[in-house]
$ cat target10.cif   # mmCIF, C-alpha atoms
data_model
#
loop_
_atom_site.group_PDB
_atom_site.id
_atom_site.type_symbol
_atom_site.label_atom_id
_atom_site.label_comp_id
_atom_site.auth_asym_id
_atom_site.auth_seq_id
_atom_site.Cartn_x
_atom_site.Cartn_y
_atom_site.Cartn_z
ATOM 1 C CA MET A 1 10.394 -9.712 19.999
ATOM 2 C CA THR A 2 9.557 -6.674 17.865
ATOM 3 C CA LEU A 3 6.280 -5.030 18.840
ATOM 4 C CA ALA A 4 3.792 -2.743 17.070
ATOM 5 C CA PHE A 5 0.786 -0.941 18.538
ATOM 6 C CA LEU A 6 -2.372 -0.731 16.411
ATOM 7 C CA PHE A 7 -5.245 1.741 16.831
ATOM 8 C CA PRO A 8 -8.798 0.989 15.612
ATOM 9 C CA GLY A 9 -10.974 3.046 13.294
ATOM 10 C CA GLN A 10 -14.641 3.846 12.891
ATOM 11 C CA GLY A 11 -16.967 0.902 13.345
ATOM 12 C CA SER A 12 -15.286 -0.291 16.560
ATOM 13 C CA GLN A 13 -17.330 2.074 18.728
ATOM 14 C CA ALA A 14 -19.846 0.676 21.237
ATOM 15 C CA VAL A 15 -21.779 2.178 24.123
ATOM 16 C CA GLY A 16 -19.861 1.426 27.324
ATOM 17 C CA MET A 17 -16.413 1.406 25.724
ATOM 18 C CA GLY A 18 -13.736 2.601 28.115
ATOM 19 C CA ALA A 19 -16.039 2.392 31.154
ATOM 20 C CA GLU A 20 -14.090 -0.398 32.882
ATOM 21 C CA LEU A 21 -10.823 1.455 32.319
ATOM 22 C CA ALA A 22 -12.254 4.650 33.790
ATOM 23 C CA GLU A 23 -13.506 2.792 36.858
ATOM 24 C CA ALA A 24 -10.150 1.102 37.423
ATOM 25 C CA PHE A 25 -7.597 3.794 36.559
ATOM 26 C CA ALA A 26 -7.351 7.520 37.305
ATOM 27 C CA THR A 27 -5.088 7.793 34.246
ATOM 28 C CA ALA A 28 -7.955 6.746 31.974
ATOM 29 C CA ARG A 29 -10.379 9.119 33.690
ATOM 30 C CA GLU A 30 -7.949 11.985 33.143
ATOM 31 C CA VAL A 31 -7.846 11.239 29.404
ATOM 32 C CA PHE A 32 -11.641 11.278 29.122
ATOM 33 C CA GLU A 33 -11.862 14.494 31.136
ATOM 34 C CA ALA A 34 -9.220 16.176 28.963
ATOM 35 C CA VAL A 35 -11.082 15.218 25.771
ATOM 36 C CA ASP A 36 -14.384 16.505 27.215
ATOM 37 C CA GLU A 37 -12.730 19.801 28.084
ATOM 38 C CA ALA A 38 -11.002 20.157 24.706
ATOM 39 C CA LEU A 39 -14.287 19.633 22.862
ATOM 40 C CA GLY A 40 -16.557 21.480 25.278
ATOM 41 C CA GLN A 41 -18.756 18.390 25.194
ATOM 42 C CA ASN A 42 -19.579 15.603 27.643
ATOM 43 C CA LEU A 43 -18.348 12.975 25.214
ATOM 44 C CA SER A 44 -17.384 10.576 27.999
ATOM 45 C CA ARG A 45 -21.005 10.383 29.179
ATOM 46 C CA LEU A 46 -22.158 9.681 25.613
ATOM 47 C CA MET A 47 -19.566 6.905 25.407
ATOM 48 C CA ARG A 48 -20.679 5.471 28.723
ATOM 49 C CA GLU A 49 -24.465 5.805 28.402
ATOM 50 C CA GLY A 50 -25.296 6.386 24.723
ATOM 51 C CA PRO A 51 -27.618 6.649 22.918
ATOM 52 C CA GLU A 52 -25.857 4.501 20.336
ATOM 53 C CA ALA A 53 -27.218 6.558 17.421
ATOM 54 C CA ASP A 54 -25.481 9.686 18.755
ATOM 55 C CA LEU A 55 -22.238 7.842 19.499
ATOM 56 C CA THR A 56 -22.215 6.448 15.958
ATOM 57 C CA LEU A 57 -22.349 9.931 14.418
ATOM 58 C CA THR A 58 -19.002 10.428 12.678
ATOM 59 C CA GLU A 59 -18.179 13.635 14.561
ATOM 60 C CA ASN A 60 -18.638 11.818 17.900
ATOM 61 C CA ALA A 61 -17.332 8.344 17.033
ATOM 62 C CA GLN A 62 -13.960 9.609 15.786
ATOM 63 C CA PRO A 63 -12.822 11.546 18.897
ATOM 64 C CA ALA A 64 -14.461 8.938 21.156
ATOM 65 C CA LEU A 65 -12.471 6.062 19.668
ATOM 66 C CA MET A 66 -9.285 8.112 19.953
ATOM 67 C CA ALA A 67 -10.082 8.832 23.619
ATOM 68 C CA VAL A 68 -10.399 5.116 24.436
ATOM 69 C CA SER A 69 -7.168 4.303 22.582
ATOM 70 C CA LEU A 70 -5.308 7.032 24.478
ATOM 71 C CA ALA A 71 -6.808 5.891 27.775
ATOM 72 C CA VAL A 72 -5.328 2.452 27.071
ATOM 73 C CA SER A 73 -1.918 3.705 25.917
ATOM 74 C CA ARG A 74 -1.481 6.175 28.772
ATOM 75 C CA THR A 75 -2.637 3.648 31.364
ATOM 76 C CA LEU A 76 -0.179 1.125 29.946
ATOM 77 C CA ALA A 77 2.604 3.680 30.306
ATOM 78 C CA LYS A 78 1.734 5.188 33.693
ATOM 79 C CA ASP A 79 0.240 2.244 35.559
ATOM 80 C CA PHE A 80 2.099 -0.682 33.995
ATOM 81 C CA GLY A 81 5.384 0.874 32.864
ATOM 82 C CA VAL A 82 4.880 -0.017 29.191
ATOM 83 C CA ALA A 83 5.721 3.180 27.290
ATOM 84 C CA VAL A 84 4.837 3.651 23.633
ATOM 85 C CA GLU A 85 8.567 3.435 22.825
ATOM 86 C CA LYS A 86 8.321 -0.268 23.663
ATOM 87 C CA ALA A 87 6.758 -0.557 20.191
ATOM 88 C CA ALA A 88 8.996 -0.104 17.165
ATOM 89 C CA PHE A 89 5.991 1.025 15.122
ATOM 90 C CA VAL A 90 2.481 2.414 15.512
ATOM 91 C CA ALA A 91 -0.327 2.232 12.956
ATOM 92 C CA GLY A 92 -3.955 3.282 12.972
ATOM 93 C CA HIS A 93 -6.861 2.441 10.682
ATOM 94 C CA SER A 94 -8.143 5.699 9.143
ATOM 95 C CA LEU A 95 -9.005 7.935 12.149
ATOM 96 C CA GLY A 96 -6.794 5.571 14.147
ATOM 97 C CA GLU A 97 -3.768 7.340 12.640
ATOM 98 C CA TYR A 98 -4.584 10.320 14.867
ATOM 99 C CA SER A 99 -4.772 7.994 17.879
ATOM 100 C CA ALA A 100 -1.431 6.459 16.906
ATOM 101 C CA LEU A 101 0.190 9.883 16.535
ATOM 102 C CA ALA A 102 -1.197 11.122 19.854
ATOM 103 C CA ALA A 103 -0.046 7.948 21.618
ATOM 104 C CA ALA A 104 3.416 8.379 20.075
ATOM 105 C CA GLY A 105 3.645 12.010 21.209
ATOM 106 C CA ALA A 106 3.414 13.571 17.739
ATOM 107 C CA LEU A 107 0.052 15.222 18.496
ATOM 108 C CA SER A 108 -1.269 16.496 21.811
ATOM 109 C CA LEU A 109 -4.370 14.729 23.125
ATOM 110 C CA GLU A 110 -6.339 17.969 22.900
ATOM 111 C CA ASP A 111 -5.292 18.679 19.307
ATOM 112 C CA ALA A 112 -6.115 15.110 18.268
ATOM 113 C CA ALA A 113 -9.601 15.444 19.783
ATOM 114 C CA ARG A 114 -10.301 18.761 18.070
ATOM 115 C CA LEU A 115 -8.912 17.596 14.729
ATOM 116 C CA LEU A 116 -11.031 14.446 14.790
ATOM 117 C CA LYS A 117 -14.172 16.392 15.691
ATOM 118 C CA LEU A 118 -13.512 18.648 12.684
ATOM 119 C CA ARG A 119 -12.627 15.662 10.494
ATOM 120 C CA GLY A 120 -15.921 13.965 11.318
ATOM 121 C CA GLN A 121 -17.957 17.131 10.754
ATOM 122 C CA SER A 122 -16.143 17.917 7.496
ATOM 123 C CA MET A 123 -16.585 14.400 6.127
ATOM 124 C CA GLN A 124 -20.295 14.521 6.904
ATOM 125 C CA LYS A 125 -20.721 17.917 5.231
ATOM 126 C CA ALA A 126 -18.676 17.022 2.138
ATOM 127 C CA VAL A 127 -21.426 14.924 0.532
ATOM 128 C CA PRO A 128 -25.201 15.131 1.165
ATOM 129 C CA VAL A 129 -26.668 12.034 2.827
ATOM 130 C CA GLY A 130 -27.716 9.494 0.195
ATOM 131 C CA VAL A 131 -25.495 10.891 -2.571
ATOM 132 C CA GLY A 132 -22.539 8.674 -1.663
ATOM 133 C CA ALA A 133 -22.203 5.053 -0.582
ATOM 134 C CA MET A 134 -19.740 2.397 0.509
ATOM 135 C CA ALA A 135 -19.807 -1.380 0.199
ATOM 136 C CA SER A 136 -17.728 -4.210 1.565
ATOM 137 C CA LEU A 137 -16.700 -6.921 -0.890
ATOM 138 C CA ILE A 138 -16.439 -10.236 0.933
ATOM 139 C CA GLY A 139 -15.454 -13.734 -0.063
ATOM 140 C CA PRO A 140 -12.448 -16.010 -0.603
ATOM 141 C CA LYS A 141 -11.917 -14.635 -4.137
ATOM 142 C CA VAL A 142 -11.900 -11.003 -2.994
ATOM 143 C CA ASP A 143 -8.591 -9.167 -3.260
ATOM 144 C CA VAL A 144 -7.552 -5.684 -4.383
ATOM 145 C CA ALA A 145 -7.412 -6.695 -8.052
ATOM 146 C CA LEU A 146 -10.999 -7.958 -8.004
ATOM 147 C CA ALA A 147 -12.159 -4.897 -6.059
ATOM 148 C CA GLU A 148 -10.493 -2.605 -8.586
ATOM 149 C CA GLN A 149 -12.356 -4.402 -11.381
ATOM 150 C CA CYS A 150 -15.636 -3.762 -9.570
ATOM 151 C CA ALA A 151 -14.726 -0.149 -8.894
ATOM 152 C CA ALA A 152 -13.817 0.358 -12.565
ATOM 153 C CA ALA A 153 -17.279 -0.862 -13.556
ATOM 154 C CA GLY A 154 -18.826 1.584 -11.116
ATOM 155 C CA ALA A 155 -16.604 4.414 -12.319
ATOM 156 C CA GLU A 156 -18.365 4.261 -15.692
ATOM 157 C CA VAL A 157 -21.271 6.164 -14.100
ATOM 158 C CA GLY A 158 -19.580 8.131 -11.312
ATOM 159 C CA VAL A 159 -16.796 8.306 -8.748
ATOM 160 C CA CYS A 160 -15.939 4.824 -7.450
ATOM 161 C CA MET A 161 -12.680 3.487 -6.003
ATOM 162 C CA VAL A 162 -11.154 1.073 -3.521
ATOM 163 C CA ALA A 163 -11.289 2.795 -0.132
ATOM 164 C CA ASN A 164 -9.992 0.221 2.362
ATOM 165 C CA ASP A 165 -7.777 -2.749 1.509
ATOM 166 C CA ASN A 166 -8.382 -4.492 4.815
ATOM 167 C CA ASN A 167 -7.304 -8.067 4.078
ATOM 168 C CA VAL A 168 -7.862 -10.768 1.491
ATOM 169 C CA GLY A 169 -11.564 -11.488 1.622
ATOM 170 C CA ASN A 170 -12.510 -7.989 2.805
ATOM 171 C CA VAL A 171 -12.039 -4.920 0.605
ATOM 172 C CA VAL A 172 -14.224 -1.803 0.779
ATOM 173 C CA ILE A 173 -15.238 0.399 -2.148
ATOM 174 C CA SER A 174 -16.538 3.968 -1.934
ATOM 175 C CA GLY A 175 -18.026 6.621 -4.192
ATOM 176 C CA ALA A 176 -21.229 7.985 -5.691
ATOM 177 C CA ALA A 177 -24.294 5.922 -4.773
ATOM 178 C CA GLU A 178 -25.172 4.944 -8.354
ATOM 179 C CA ALA A 179 -21.540 4.034 -9.093
ATOM 180 C CA VAL A 180 -21.251 1.843 -5.988
ATOM 181 C CA ALA A 181 -24.556 0.154 -6.937
ATOM 182 C CA LYS A 182 -23.102 -0.729 -10.358
ATOM 183 C CA ALA A 183 -19.897 -1.987 -8.703
ATOM 184 C CA ILE A 184 -21.991 -4.220 -6.432
ATOM 185 C CA GLU A 185 -23.625 -5.774 -9.520
ATOM 186 C CA ALA A 186 -20.199 -6.327 -11.054
ATOM 187 C CA ALA A 187 -19.027 -8.008 -7.845
ATOM 188 C CA LYS A 188 -21.839 -10.549 -8.015
ATOM 189 C CA GLY A 189 -20.737 -11.495 -11.514
ATOM 190 C CA LEU A 190 -17.181 -12.002 -10.254
ATOM 191 C CA GLY A 191 -18.208 -14.334 -7.441
ATOM 192 C CA ALA A 192 -17.974 -11.877 -4.556
ATOM 193 C CA ARG A 193 -20.558 -10.929 -1.973
ATOM 194 C CA ALA A 194 -21.138 -7.194 -1.723
ATOM 195 C CA ILE A 195 -22.650 -5.722 1.424
ATOM 196 C CA PRO A 196 -23.720 -2.052 1.406
ATOM 197 C CA LEU A 197 -22.338 -0.350 4.520
ATOM 198 C CA ASN A 198 -24.471 1.730 6.864
ATOM 199 C CA VAL A 199 -22.301 4.840 6.702
ATOM 200 C CA SER A 200 -23.212 8.511 6.523
ATOM 201 C CA ALA A 201 -20.701 9.452 3.807
ATOM 202 C CA PRO A 202 -18.416 7.861 1.175
ATOM 203 C CA PHE A 203 -15.091 7.931 3.013
ATOM 204 C CA HIS A 204 -11.648 7.664 1.375
ATOM 205 C CA CYS A 205 -12.630 8.707 -2.139
ATOM 206 C CA PRO A 206 -12.329 11.960 -4.137
ATOM 207 C CA LEU A 207 -15.822 13.056 -3.044
ATOM 208 C CA MET A 208 -14.193 13.827 0.317
ATOM 209 C CA GLN A 209 -12.028 16.607 -1.170
ATOM 210 C CA PRO A 210 -13.871 19.389 0.736
ATOM 211 C CA ALA A 211 -13.037 17.538 3.971
ATOM 212 C CA ALA A 212 -9.401 17.156 2.874
ATOM 213 C CA ASP A 213 -9.253 20.923 2.281
ATOM 214 C CA ALA A 214 -10.646 21.603 5.762
ATOM 215 C CA MET A 215 -8.124 19.247 7.333
ATOM 216 C CA ALA A 216 -5.244 20.787 5.377
ATOM 217 C CA GLU A 217 -6.147 24.190 6.800
ATOM 218 C CA ALA A 218 -6.459 22.877 10.354
ATOM 219 C CA LEU A 219 -3.318 20.742 10.210
ATOM 220 C CA ALA A 220 -1.283 23.682 8.889
ATOM 221 C CA LYS A 221 -1.955 25.400 12.215
ATOM 222 C CA THR A 222 -1.264 22.307 14.345
ATOM 223 C CA THR A 223 2.053 21.436 15.965
ATOM 224 C CA ILE A 224 3.259 17.971 14.964
ATOM 225 C CA ALA A 225 6.369 16.527 16.608
ATOM 226 C CA GLN A 226 8.444 13.537 15.539
ATOM 227 C CA PRO A 227 6.685 10.415 16.855
ATOM 228 C CA LYS A 228 8.486 8.305 19.451
ATOM 229 C CA SER A 229 7.673 5.213 17.362
ATOM 230 C CA ALA A 230 7.552 5.326 13.560
ATOM 231 C CA LEU A 231 4.074 5.629 12.045
ATOM 232 C CA ILE A 232 3.085 3.241 9.259
ATOM 233 C CA ALA A 233 1.053 5.610 7.093
ATOM 234 C CA ASN A 234 -2.266 4.454 5.630
ATOM 235 C CA VAL A 235 -1.683 5.886 2.176
ATOM 236 C CA THR A 236 1.875 4.609 1.671
ATOM 237 C CA ALA A 237 1.990 1.485 3.891
ATOM 238 C CA ARG A 238 5.492 2.579 4.864
ATOM 239 C CA PRO A 239 7.058 4.147 7.975
ATOM 240 C CA VAL A 240 7.204 7.917 8.351
ATOM 241 C CA ASN A 241 8.803 10.077 11.067
ATOM 242 C CA ASP A 242 9.043 13.541 9.515
ATOM 243 C CA PRO A 243 6.354 15.925 10.877
ATOM 244 C CA ASP A 244 5.858 17.718 7.530
ATOM 245 C CA ALA A 245 5.427 14.406 5.725
ATOM 246 C CA ILE A 246 2.977 13.239 8.403
ATOM 247 C CA ARG A 247 0.932 16.430 7.965
ATOM 248 C CA ARG A 248 0.769 15.913 4.196
ATOM 249 C CA LEU A 249 -0.156 12.241 4.488
ATOM 250 C CA LEU A 250 -2.957 12.981 6.955
ATOM 251 C CA VAL A 251 -4.502 15.261 4.340
ATOM 252 C CA GLU A 252 -4.029 12.723 1.543
ATOM 253 C CA GLN A 253 -5.594 10.041 3.730
ATOM 254 C CA VAL A 254 -9.027 11.748 3.658
ATOM 255 C CA THR A 255 -9.465 10.995 -0.057
ATOM 256 C CA GLY A 256 -6.907 8.177 -0.394
ATOM 257 C CA ARG A 257 -6.930 4.439 0.104
ATOM 258 C CA VAL A 258 -6.311 2.885 3.510
ATOM 259 C CA ARG A 259 -3.648 0.335 2.577
ATOM 260 C CA TRP A 260 -4.105 -1.708 5.726
ATOM 261 C CA SER A 261 -3.268 -5.135 4.349
ATOM 262 C CA GLU A 262 -0.070 -3.770 2.786
ATOM 263 C CA SER A 263 0.804 -2.012 6.039
ATOM 264 C CA MET A 264 0.462 -5.188 8.087
ATOM 265 C CA HIS A 265 2.420 -7.227 5.529
ATOM 266 C CA TRP A 266 5.202 -4.630 5.719
ATOM 267 C CA LEU A 267 5.266 -4.840 9.519
ATOM 268 C CA ALA A 268 5.455 -8.648 9.459
ATOM 269 C CA SER A 269 8.126 -8.845 6.753
ATOM 270 C CA GLU A 270 10.375 -5.806 6.380
ATOM 271 C CA GLY A 271 9.497 -4.389 9.795
ATOM 272 C CA GLY A 272 10.326 -7.672 11.521
ATOM 273 C CA VAL A 273 7.315 -7.349 13.835
ATOM 274 C CA THR A 274 6.471 -10.553 15.694
ATOM 275 C CA ARG A 275 3.763 -9.216 17.988
ATOM 276 C CA VAL A 276 1.009 -6.574 17.733
ATOM 277 C CA ALA A 277 -1.375 -5.175 20.320
ATOM 278 C CA GLU A 278 -4.587 -3.349 19.414
ATOM 279 C CA LEU A 279 -5.128 -0.458 21.822
ATOM 280 C CA GLY A 280 -8.685 0.760 22.286
ATOM 281 C CA ALA A 281 -12.186 -0.463 21.497
ATOM 282 C CA GLY A 282 -12.987 -3.831 19.954
ATOM 283 C CA LYS A 283 -10.932 -6.493 18.235
ATOM 284 C CA VAL A 284 -11.338 -5.669 14.532
ATOM 285 C CA LEU A 285 -7.655 -5.076 13.790
ATOM 286 C CA THR A 286 -6.598 -8.121 15.816
ATOM 287 C CA GLY A 287 -8.859 -10.276 13.645
ATOM 288 C CA MET A 288 -7.491 -8.723 10.473
ATOM 289 C CA MET A 289 -3.896 -9.319 11.542
ATOM 290 C CA LYS A 290 -4.608 -12.988 12.205
ATOM 291 C CA ARG A 291 -5.823 -13.301 8.616
ATOM 292 C CA ILE A 292 -3.059 -11.179 7.056
ATOM 293 C CA ALA A 293 -0.047 -12.554 8.947
ATOM 294 C CA PRO A 294 -1.080 -15.475 11.182
ATOM 295 C CA GLU A 295 2.508 -15.966 12.331
ATOM 296 C CA VAL A 296 2.357 -12.629 14.190
ATOM 297 C CA GLU A 297 0.992 -12.816 17.733
ATOM 298 C CA ALA A 298 -1.985 -10.441 18.002
ATOM 299 C CA SER A 299 -4.026 -9.363 21.013
ATOM 300 C CA ALA A 300 -6.626 -6.690 21.781
ATOM 301 C CA LEU A 301 -6.223 -4.505 24.866
ATOM 302 C CA ASN A 302 -9.692 -3.299 25.862
ATOM 303 C CA GLY A 303 -10.097 -3.670 29.628
ATOM 304 C CA PRO A 304 -7.999 -3.776 32.826
ATOM 305 C CA LYS A 305 -7.418 -7.532 32.689
ATOM 306 C CA ASP A 306 -6.134 -7.266 29.115
ATOM 307 C CA LEU A 307 -3.615 -4.588 30.108
ATOM 308 C CA GLU A 308 -2.471 -6.539 33.150
ATOM 309 C CA ALA A 309 -1.934 -9.758 31.180
ATOM 310 C CA PHE A 310 -0.162 -7.946 28.347
ATOM 311 C CA ALA A 311 2.235 -6.102 30.663
ATOM 312 C CA ALA A 312 3.013 -9.315 32.534
ATOM 313 C CA SER A 313 3.838 -11.091 29.268
ATOM 314 C CA LEU A 314 6.531 -8.628 28.200
#
$ encode --input "target10.cif" --output "structure tokens"
Amino acid sequence: MTLAFLFPGQGSQAVGMGAELAEAFATAREVFEAVDEALGQNLSRLMREGPEADLTLTENAQPALMAVSLAVSRTLAKDFGVAVEKAAFVAGHSLGEYSALAAAGALSLEDAARLLKLRGQSMQKAVPVGVGAMASLIGPKVDVALAEQCAAAGAEVGVCMVANDNNVGNVVISGAAEAVAKAIEAAKGLGARAIPLNVSAPFHCPLMQPAADAMAEALAKTTIAQPKSALIANVTARPVNDPDAIRRLLVEQVTGRVRWSESMHWLASEGGVTRVAELGAGKVLTGMMKRIAPEVEASALNGPKDLEAFAASL
């Protein structure tokens, strides 16, 4: 068996996430306390009690999702003896790359929390609310080629590009609001459903350049070590171990495409991965993996029972 650990991105957050872990394991509580202290914010209470609107804010959702993922990974290691090195690879969806790097020892928990807080704030500030938009293209005909056709139509009136190649049947486009609206019309003509996403900014497109600049400055001052398990980078869909390359790719990721489908295909084929576990909140990545590479065993580790069953199965 070759194993990979996956770390979810924005959209997986929910009020109450991590609460069962915190009740059951001191290790998880220590993670949440460390994140609260690093941010000077009672983020763990917001995660536990809400309100949902505040948790969904990008600057809160990003460090909160990382905190839950790290609570799972550290509890697996300390309480169940399943260290991150058990996985040949780690991968995270967008902000999940920071979770993956922290779990693999490349970033400290505190640095990951602070970087994600800044990342969320910078992304929100980069484009005024309403100026940008994102949409999910859905349907059996939807693939990257079709999405790029739609984005090209939108690009006739403004910035528009493929932001997330999640899996066949689910590709996200991002850009200027009027450009995304034109891409949505093009999608209808190509037999795809297009659903505008309720997001505060157009992520993973060139409009995020101010946020990329802010992250480049912050990452230049941040210590990055070689990860204990190779990271499959979002923007290349290939493994990376070198700290300088990781730093550069994290900056590129702010404006670049999340090549998730390619990343998972690489894990299943060239990486030889036969099993993946999603560490953190929700089951989004588990569902994607089942569509991308159904031959790979995929499970989501959210609560104590999940961790116990997973550890027992190894």
$ closest_atom_pairs --input "target10.cif" --of "region 176-223 of chain A" --to "region 8-20 of chain A" --cutoff "12 Å" --atoms "only C-alpha atoms" --output "JSON lines"
{"residue": "A:Leu197", "atom": "CA", "partner": "A:Gly11", "partner_atom": "CA", "distance": 10.4}
{"residue": "A:Asn198", "atom": "CA", "partner": "A:Gly11", "partner_atom": "CA", "distance": 9.9}
{"residue": "A:Val199", "atom": "CA", "partner": "A:Gly11", "partner_atom": "CA", "distance": 9.4}
{"residue": "A:Ser200", "atom": "CA", "partner": "A:Gln10", "partner_atom": "CA", "distance": 11.7}
{"residue": "A:Phe203", "atom": "CA", "partner": "A:Gln10", "partner_atom": "CA", "distance": 10.7}
$ write_last_selection --input "target10.cif" --atoms "C-alpha atoms" --output "PDB file, in the frame of the given file"
ATOM      1  CA  LEU A 197     -22.338  -0.350   4.520  1.00  0.00           C
ATOM      2  CA  ASN A 198     -24.471   1.730   6.864  1.00  0.00           C
ATOM      3  CA  VAL A 199     -22.301   4.840   6.702  1.00  0.00           C
ATOM      4  CA  SER A 200     -23.212   8.511   6.523  1.00  0.00           C
ATOM      5  CA  PHE A 203     -15.091   7.931   3.013  1.00  0.00           C
TER       6      PHE A 203
END
$ residues_around --input "target10.cif" --residues "Gln253 (chain A)" --least-positions-apart "2" --cutoff "8 Å" --atoms "only C-alpha atoms" --output "VMD selection string"
chain A and resid 94 204 234 to 235 249 to 251 255 to 258
$ resolve_selection --input "target10.cif" --expression "the PyMOL selection byres ((chain A and resi 246) around 12)" --output "PDB file with C-alpha atoms, keeping the file's coordinate frame"
ATOM      1  CA  GLU A  97      -3.768   7.340  12.640  1.00  0.00           C
ATOM      2  CA  TYR A  98      -4.584  10.320  14.867  1.00  0.00           C
ATOM      3  CA  ALA A 100      -1.431   6.459  16.906  1.00  0.00           C
ATOM      4  CA  LEU A 101       0.190   9.883  16.535  1.00  0.00           C
ATOM      5  CA  ALA A 106       3.414  13.571  17.739  1.00  0.00           C
ATOM      6  CA  LEU A 107       0.052  15.222  18.496  1.00  0.00           C
ATOM      7  CA  ALA A 216      -5.244  20.787   5.377  1.00  0.00           C
ATOM      8  CA  LEU A 219      -3.318  20.742  10.210  1.00  0.00           C
ATOM      9  CA  ALA A 220      -1.283  23.682   8.889  1.00  0.00           C
ATOM     10  CA  THR A 222      -1.264  22.307  14.345  1.00  0.00           C
ATOM     11  CA  THR A 223       2.053  21.436  15.965  1.00  0.00           C
ATOM     12  CA  ILE A 224       3.259  17.971  14.964  1.00  0.00           C
ATOM     13  CA  ALA A 225       6.369  16.527  16.608  1.00  0.00           C
ATOM     14  CA  GLN A 226       8.444  13.537  15.539  1.00  0.00           C
ATOM     15  CA  PRO A 227       6.685  10.415  16.855  1.00  0.00           C
ATOM     16  CA  ALA A 230       7.552   5.326  13.560  1.00  0.00           C
ATOM     17  CA  LEU A 231       4.074   5.629  12.045  1.00  0.00           C
ATOM     18  CA  ILE A 232       3.085   3.241   9.259  1.00  0.00           C
ATOM     19  CA  ALA A 233       1.053   5.610   7.093  1.00  0.00           C
ATOM     20  CA  ASN A 234      -2.266   4.454   5.630  1.00  0.00           C
ATOM     21  CA  VAL A 235      -1.683   5.886   2.176  1.00  0.00           C
ATOM     22  CA  THR A 236       1.875   4.609   1.671  1.00  0.00           C
ATOM     23  CA  ARG A 238       5.492   2.579   4.864  1.00  0.00           C
ATOM     24  CA  PRO A 239       7.058   4.147   7.975  1.00  0.00           C
ATOM     25  CA  VAL A 240       7.204   7.917   8.351  1.00  0.00           C
ATOM     26  CA  ASN A 241       8.803  10.077  11.067  1.00  0.00           C
ATOM     27  CA  ASP A 242       9.043  13.541   9.515  1.00  0.00           C
ATOM     28  CA  PRO A 243       6.354  15.925  10.877  1.00  0.00           C
ATOM     29  CA  ASP A 244       5.858  17.718   7.530  1.00  0.00           C
ATOM     30  CA  ALA A 245       5.427  14.406   5.725  1.00  0.00           C
ATOM     31  CA  ARG A 247       0.932  16.430   7.965  1.00  0.00           C
ATOM     32  CA  ARG A 248       0.769  15.913   4.196  1.00  0.00           C
ATOM     33  CA  LEU A 249      -0.156  12.241   4.488  1.00  0.00           C
ATOM     34  CA  LEU A 250      -2.957  12.981   6.955  1.00  0.00           C
ATOM     35  CA  VAL A 251      -4.502  15.261   4.340  1.00  0.00           C
ATOM     36  CA  GLU A 252      -4.029  12.723   1.543  1.00  0.00           C
ATOM     37  CA  GLN A 253      -5.594  10.041   3.730  1.00  0.00           C
TER      38      GLN A 253
END
$ residues_around --input "target10.cif" --residues "Ala277 (chain A)" --least-positions-apart "3" --cutoff "7 Å" --atoms "only C-alpha atoms" --output "PyMOL selection string"
chain A and resi 4-6+298-301
$ residues_around --input "target10.cif" --residues "Glu278 (chain A)" --least-positions-apart "5" --cutoff "12 Å" --atoms "all atoms listed in the file" --output "count of residues only"
38
$ axis_aligned_box --input "target10.cif" --around "region 236-242 of chain A" --padding-each-side "4 Å" --output "AutoDock Vina command-line options"
--center_x 5.5 --center_y 7.5 --center_z 6.4 --size_x 15.2 --size_y 20.1 --size_z 17.4
$ resolve_selection --input "target10.cif" --expression "the PyMOL selection byres ((chain A and resi 146) around 10)" --output "list of chain:residue names"
A:Leu137, A:Lys141, A:Val142, A:Asp143, A:Val144, A:Ala145, A:Ala147, A:Glu148, A:Gln149, A:Cys150, A:Ala151, A:Ala152, A:Val171, A:Ala186, A:Ala187, A:Leu190, A:Gly191, A:Ala192
$ resolve_selection --input "target10.cif" --expression "the PyMOL selection byres ((chain A and resi 78) around 12)" --output "CSV table (one decimal) with C-alpha atoms, in the frame of the given file"
chain,number,residue,atom,x,y,z
A,25,PHE,CA,-7.6,3.8,36.6
A,26,ALA,CA,-7.4,7.5,37.3
A,27,THR,CA,-5.1,7.8,34.2
A,28,ALA,CA,-8.0,6.7,32.0
A,30,GLU,CA,-7.9,12.0,33.1
A,70,LEU,CA,-5.3,7.0,24.5
A,71,ALA,CA,-6.8,5.9,27.8
A,72,VAL,CA,-5.3,2.5,27.1
A,73,SER,CA,-1.9,3.7,25.9
A,74,ARG,CA,-1.5,6.2,28.8
A,75,THR,CA,-2.6,3.6,31.4
A,76,LEU,CA,-0.2,1.1,29.9
A,77,ALA,CA,2.6,3.7,30.3
A,79,ASP,CA,0.2,2.2,35.6
A,80,PHE,CA,2.1,-0.7,34.0
A,81,GLY,CA,5.4,0.9,32.9
A,82,VAL,CA,4.9,0.0,29.2
A,83,ALA,CA,5.7,3.2,27.3
A,84,VAL,CA,4.8,3.7,23.6
A,307,LEU,CA,-3.6,-4.6,30.1
A,311,ALA,CA,2.2,-6.1,30.7
$ residues_near_point --input "target10.cif" --point "(-20.5, 6.2, -5.2)" --cutoff "6 Å" --atoms "only C-alpha atoms" --output "PyMOL selection string"
chain A and resi 132-133+159-160+174-180
$ closest_residue --input "target10.cif" --among "A:Pro63, A:Gly105, A:Pro202, A:Gly50" --to "Ala135 (chain A)" --atoms "all atoms listed in the file"
A:Pro202
$ closest_residue --input "target10.cif" --among "A:Ser229, A:Ser108, A:Gln121, A:Asn167" --to "Ala38 (chain A)" --atoms "only C-alpha atoms"
A:Ser108
$ closest_residue --input "target10.cif" --among "A:Leu314, A:Leu279, A:Leu267, A:Ala153" --to "Ala237 (chain A)" --atoms "only C-alpha atoms"
A:Leu267
$ residues_around --input "target10.cif" --residues "Glu59 (chain A)" --least-positions-apart "2" --cutoff "12 Å" --atoms "all atoms listed in the file" --output "MDAnalysis selection string"
chainID A and resid 10 39 41 43 53:57 61:66 95 113:125 200:201
